$ cat structure_32.tsv   # TSV, C-alpha atoms
chain	number	residue	atom	x	y	z
A	1	MET	CA	71.10	86.72	80.71
A	2	ASN	CA	72.50	83.20	81.15
A	3	TRP	CA	74.79	83.66	78.13
A	4	TRP	CA	76.14	86.87	79.65
A	5	LEU	CA	76.80	85.23	83.04
A	6	LYS	CA	78.61	82.40	81.28
A	7	ALA	CA	80.61	84.69	78.99
A	8	ARG	CA	81.67	86.89	81.91
A	9	ALA	CA	82.65	83.82	83.95
A	10	VAL	CA	80.80	85.20	86.98
A	11	PRO	CA	81.29	82.09	89.19
A	12	ALA	CA	85.08	82.13	88.61
A	13	LEU	CA	85.13	85.89	89.19
A	14	SER	CA	83.29	85.44	92.50
A	15	VAL	CA	85.73	82.75	93.60
A	16	SER	CA	88.66	85.01	92.69
A	17	VAL	CA	87.39	87.72	95.06
A	18	VAL	CA	87.11	85.27	97.97
A	19	VAL	CA	90.45	83.57	97.20
A	20	THR	CA	92.23	86.91	96.89
A	21	ASN	CA	90.99	88.03	100.30
A	22	ALA	CA	91.77	84.65	101.89
A	23	VAL	CA	95.30	84.43	100.49
A	24	GLY	CA	95.97	88.06	101.32
A	25	LEU	CA	94.91	87.54	104.92
A	26	LEU	CA	96.99	84.37	105.21
A	27	MET	CA	100.09	86.12	103.86
A	28	GLY	CA	99.47	89.08	106.12
A	29	ASN	CA	102.03	91.85	105.89
A	30	ALA	CA	104.52	89.86	103.80
A	31	GLU	CA	106.69	92.23	101.79
A	32	LEU	CA	108.22	91.89	98.35
A	33	PRO	CA	111.65	93.28	97.49
A	34	VAL	CA	111.20	95.75	94.63
A	35	PRO	CA	113.88	98.13	93.34
A	36	VAL	CA	113.06	101.79	93.89
A	37	LEU	CA	113.78	104.28	91.10
A	38	THR	CA	113.17	107.49	93.01
A	39	GLY	CA	112.92	108.62	96.59
A	40	GLN	CA	113.31	106.11	99.37
A	41	SER	CA	112.16	102.53	99.57
A	42	GLY	CA	109.03	101.76	101.49
A	43	HIS	CA	106.86	98.75	102.24
A	44	PHE	CA	105.53	96.90	99.20
A	45	LEU	CA	103.13	94.22	100.36
A	46	VAL	CA	102.15	91.03	98.57
A	47	GLY	CA	98.60	92.37	98.91
A	48	HIS	CA	99.44	95.07	96.40
A	49	LEU	CA	99.93	92.39	93.73
A	50	ILE	CA	97.48	89.60	94.52
A	51	THR	CA	94.56	92.02	94.56
A	52	LEU	CA	95.00	92.32	90.78
A	53	LEU	CA	93.33	88.92	90.27
A	54	PRO	CA	89.64	90.01	90.37
A	55	ALA	CA	90.29	92.94	87.99
A	56	VAL	CA	92.13	90.70	85.51
A	57	MET	CA	89.35	88.09	85.75
A	58	LEU	CA	86.76	90.82	85.13
A	59	LEU	CA	88.65	92.04	82.06
A	60	HIS	CA	88.99	88.48	80.78
A	61	GLY	CA	85.24	87.97	81.05
A	62	MET	CA	84.43	91.32	79.45
A	63	GLY	CA	86.77	90.47	76.57
A	64	ARG	CA	85.07	87.16	75.85
A	65	GLY	CA	82.05	88.81	74.27
A	66	ASP	CA	81.73	90.98	71.19
A	67	LEU	CA	80.41	94.36	72.34
A	68	ARG	CA	79.32	95.41	68.84
A	69	THR	CA	77.24	92.29	68.31
A	70	GLU	CA	75.86	92.40	71.83
A	71	GLY	CA	75.01	96.09	71.42
A	72	VAL	CA	73.28	95.56	68.08
A	73	ALA	CA	71.16	92.89	69.76
A	74	CYS	CA	69.83	95.70	72.01
A	75	ARG	CA	71.12	94.08	75.16
A	76	PRO	CA	72.20	96.44	77.95
A	77	VAL	CA	75.62	94.82	78.13
A	78	ARG	CA	77.41	98.00	79.20
A	79	ARG	CA	75.05	98.42	82.13
A	80	TRP	CA	75.46	94.77	83.09
A	81	ASP	CA	79.26	95.05	82.87
A	82	ALA	CA	79.24	98.23	84.96
A	83	ALA	CA	76.95	96.55	87.51
A	84	LEU	CA	79.20	93.49	87.61
A	85	GLY	CA	82.29	95.65	88.12
A	86	SER	CA	80.51	97.60	90.86
A	87	ALA	CA	79.47	94.35	92.55
A	88	VAL	CA	83.01	92.95	92.40
A	89	ALA	CA	84.50	96.16	93.84
A	90	ALA	CA	81.86	96.35	96.57
A	91	THR	CA	82.15	92.64	97.40
A	92	GLY	CA	85.94	92.75	97.56
A	93	ALA	CA	85.89	95.78	99.84
A	94	GLY	CA	82.96	94.44	101.86
A	95	VAL	CA	84.49	91.01	102.50
A	96	ALA	CA	87.75	92.66	103.54
A	97	ALA	CA	85.97	95.10	105.86
A	98	LEU	CA	84.00	92.24	107.40
A	99	CYS	CA	87.22	90.31	108.02
A	100	TYR	CA	88.70	93.39	109.67
A	101	VAL	CA	85.65	93.86	111.90
A	102	LEU	CA	85.87	90.17	112.86
A	103	GLY	CA	89.45	90.63	114.06
A	104	ALA	CA	91.71	90.35	110.99
A	105	ASP	CA	94.84	92.45	110.71
A	106	SER	CA	94.68	95.88	109.07
A	107	ILE	CA	95.98	94.27	105.86
A	108	ALA	CA	92.32	93.38	105.25
A	109	LEU	CA	91.55	97.07	104.64
A	110	VAL	CA	94.42	97.33	102.16
A	111	LEU	CA	93.19	94.22	100.33
A	112	GLY	CA	89.63	95.52	100.02
A	113	ARG	CA	90.74	98.98	98.94
A	114	ASN	CA	93.12	97.62	96.30
A	115	ILE	CA	90.61	95.12	94.88
A	116	ALA	CA	88.09	97.94	94.43
A	117	GLY	CA	90.70	100.29	92.94
A	118	TYR	CA	91.99	97.78	90.41
A	119	VAL	CA	88.44	96.89	89.36
A	120	GLY	CA	87.72	100.61	88.91
A	121	LEU	CA	90.82	100.92	86.71
A	122	ALA	CA	89.70	97.88	84.71
A	123	LEU	CA	86.29	99.48	84.05
A	124	LEU	CA	87.99	102.75	83.14
A	125	LEU	CA	90.57	101.31	80.74
A	126	PHE	CA	88.58	98.54	79.03
A	127	PRO	CA	86.54	100.78	76.69
A	128	PHE	CA	89.72	102.53	75.49
A	129	LEU	CA	92.30	99.75	75.39
A	130	GLY	CA	90.40	96.49	75.11
A	131	HIS	CA	90.68	93.65	77.60
A	132	ARG	CA	94.24	92.48	76.86
A	133	ILE	CA	96.04	95.82	76.93
A	134	ALA	CA	93.89	97.01	79.84
A	135	ALA	CA	94.88	93.91	81.86
A	136	VAL	CA	98.57	94.58	81.21
A	137	THR	CA	98.15	98.25	82.06
A	138	VAL	CA	96.37	97.48	85.34
A	139	ALA	CA	99.09	94.93	86.18
A	140	VAL	CA	101.79	97.58	85.64
A	141	VAL	CA	100.22	99.95	88.20
A	142	PRO	CA	101.55	98.21	91.35
A	143	LEU	CA	105.01	97.85	89.81
A	144	LEU	CA	105.08	101.52	88.87
A	145	CYS	CA	103.92	102.48	92.36
A	146	ALA	CA	106.56	100.25	93.94
A	147	ALA	CA	109.38	101.61	91.79
A	148	ALA	CA	108.49	105.31	91.72
A	149	GLY	CA	105.74	105.86	94.28
A	150	TRP	CA	107.79	106.66	97.37
A	151	ARG	CA	108.89	110.10	98.54
A	152	SER	CA	112.28	110.66	100.11
A	153	GLY	CA	110.74	110.54	103.61
A	154	GLY	CA	109.35	107.04	103.07
A	155	ARG	CA	105.81	108.32	102.52
A	156	PRO	CA	103.88	107.39	99.36
A	157	GLU	CA	103.41	109.90	96.56
A	158	PRO	CA	99.86	111.32	96.31
A	159	TRP	CA	99.18	109.37	93.09
A	160	ALA	CA	100.43	106.02	94.49
A	161	TRP	CA	97.14	105.18	96.21
A	162	ILE	CA	97.89	101.47	96.66
A	163	LEU	CA	100.88	102.28	98.89
A	164	TYR	CA	98.95	104.27	101.47
A	165	PRO	CA	98.71	102.58	104.89
A	166	ALA	CA	95.48	100.91	105.98
A	167	ASN	CA	94.55	103.80	108.28
A	168	SER	CA	94.77	106.39	105.49
A	169	LEU	CA	91.64	108.44	104.86
A	170	VAL	CA	92.87	109.66	101.46
A	171	ALA	CA	93.33	106.24	99.82
A	172	PRO	CA	89.66	105.14	100.14
A	173	LEU	CA	88.57	108.47	98.65
A	174	ILE	CA	90.94	108.04	95.70
A	175	THR	CA	89.75	104.45	95.29
A	176	ALA	CA	86.09	105.49	95.35
A	177	ALA	CA	86.79	108.17	92.74
A	178	ILE	CA	88.54	105.63	90.49
A	179	VAL	CA	85.61	103.21	90.79
A	180	LEU	CA	83.02	105.93	90.09
A	181	VAL	CA	84.91	107.25	87.05
A	182	GLY	CA	85.39	103.68	85.82
A	183	ILE	CA	81.66	103.00	86.07
A	184	LEU	CA	80.84	106.26	84.31
A	185	VAL	CA	83.26	105.55	81.45
A	186	CYS	CA	82.02	101.98	81.13
A	187	LEU	CA	78.44	103.24	80.86
A	188	THR	CA	79.05	106.14	78.48
A	189	ARG	CA	81.80	105.14	76.06
A	190	ARG	CA	79.94	103.60	73.13
A	191	ASP	CA	82.69	102.91	70.59
A	192	PRO	CA	84.86	99.99	71.71
A	193	LEU	CA	88.20	99.71	69.97
A	194	ARG	CA	88.46	97.29	67.08
A	195	SER	CA	91.56	95.79	68.71
A	196	ALA	CA	89.60	94.86	71.83
A	197	HIS	CA	88.91	91.36	70.49
$ encode --input "structure_32.tsv" --output "structure tokens"
Amino acid sequence: MNWWLKARAVPALSVSVVVTNAVGLLMGNAELPVPVLTGQSGHFLVGHLITLLPAVMLLHGMGRGDLRTEGVACRPVRRWDAALGSAVAATGAGVAALCYVLGADSIALVLGRNIAGYVGLALLLFPFLGHRIAAVTVAVVPLLCAAAGWRSGGRPEPWAWILYPANSLVAPLITAAIVLVGILVCLTRRDPLRSAH
């Protein structure tokens, strides 16, 4: 188990969750200027981008091992990876919710939701794309949402879950679904791509 914790860089991953929440709270509702391709421009917060860090760190750690070798050794690596991803998503959302309860701005809810959603996407994409391409794909999501995720009325498109306001009831449901599907795929897909390493 120690080799797995070291390969997955669990201490650095844990620090990334805390740092992401702290920096996001310090930056508050700071907005980034992003060109809009369709519809009308809306608010694109720094929190939509910095919350990528834990998902990218998770993918980096998952890519450091060789799943075929680890699987042949009869180690439950897929279950451990799914559990680690679940823990990161839950910790990111939990820390953010705690900060909100303790008086932080509503940006805390956005941070927690986005950390969990990106981690869910990482778990979903890793078995199909490998860690490098999955990291790039996850990093493209906020840019795609910023450029094409706004309706003409300034409301986010249904698929642009990261753009929903903090008080949205739909965004946490979408995020939970992404995390659950990511865990399921991580647990059940047994044939990692050869290009993953």
$ residues_around --input "structure_32.tsv" --residues "Ile133 (chain A)" --least-positions-apart "2" --cutoff "12 Å" --atoms "all atoms listed in the file" --output "ChimeraX atom specification"
/A:56,59-60,63,122,125-131,135-140,193,195-197
$ residues_near_point --input "structure_32.tsv" --point "(90.7, 92.7, 103.2)" --cutoff "8 Å" --atoms "only C-alpha atoms" --output "ChimeraX atom specification"
/A:21,24-25,92-93,95-100,106-113
$ write_last_selection --input "structure_32.tsv" --atoms "C-alpha atoms" --output "compact mmCIF listing (two decimals), keeping the file's coordinate frame"
# COMPACT_ATOMS: atom_id res chain seq x y z
CA ASN A 21 90.99 88.03 100.30
CA GLY A 24 95.97 88.06 101.32
CA LEU A 25 94.91 87.54 104.92
CA GLY A 92 85.94 92.75 97.56
CA ALA A 93 85.89 95.78 99.84
CA VAL A 95 84.49 91.01 102.50
CA ALA A 96 87.75 92.66 103.54
CA ALA A 97 85.97 95.10 105.86
CA LEU A 98 84.00 92.24 107.40
CA CYS A 99 87.22 90.31 108.02
CA TYR A 100 88.70 93.39 109.67
CA SER A 106 94.68 95.88 109.07
CA ILE A 107 95.98 94.27 105.86
CA ALA A 108 92.32 93.38 105.25
CA LEU A 109 91.55 97.07 104.64
CA VAL A 110 94.42 97.33 102.16
CA LEU A 111 93.19 94.22 100.33
CA GLY A 112 89.63 95.52 100.02
CA ARG A 113 90.74 98.98 98.94
$ atom_distance --input "structure_32.tsv" --atom1 "CA of Thr188 (chain A)" --atom2 "CA of Leu5 (chain A)"
21.5 Å
$ closest_residue --input "structure_32.tsv" --among "A:Leu163, A:Ile115, A:Val88, A:Met62" --to "Thr20 (chain A)" --atoms "all atoms listed in the file"
A:Ile115
$ closest_residue --input "structure_32.tsv" --among "A:Val77, A:Ala147, A:Leu123, A:Val23" --to "Ala7 (chain A)" --atoms "only C-alpha atoms"
A:Val77
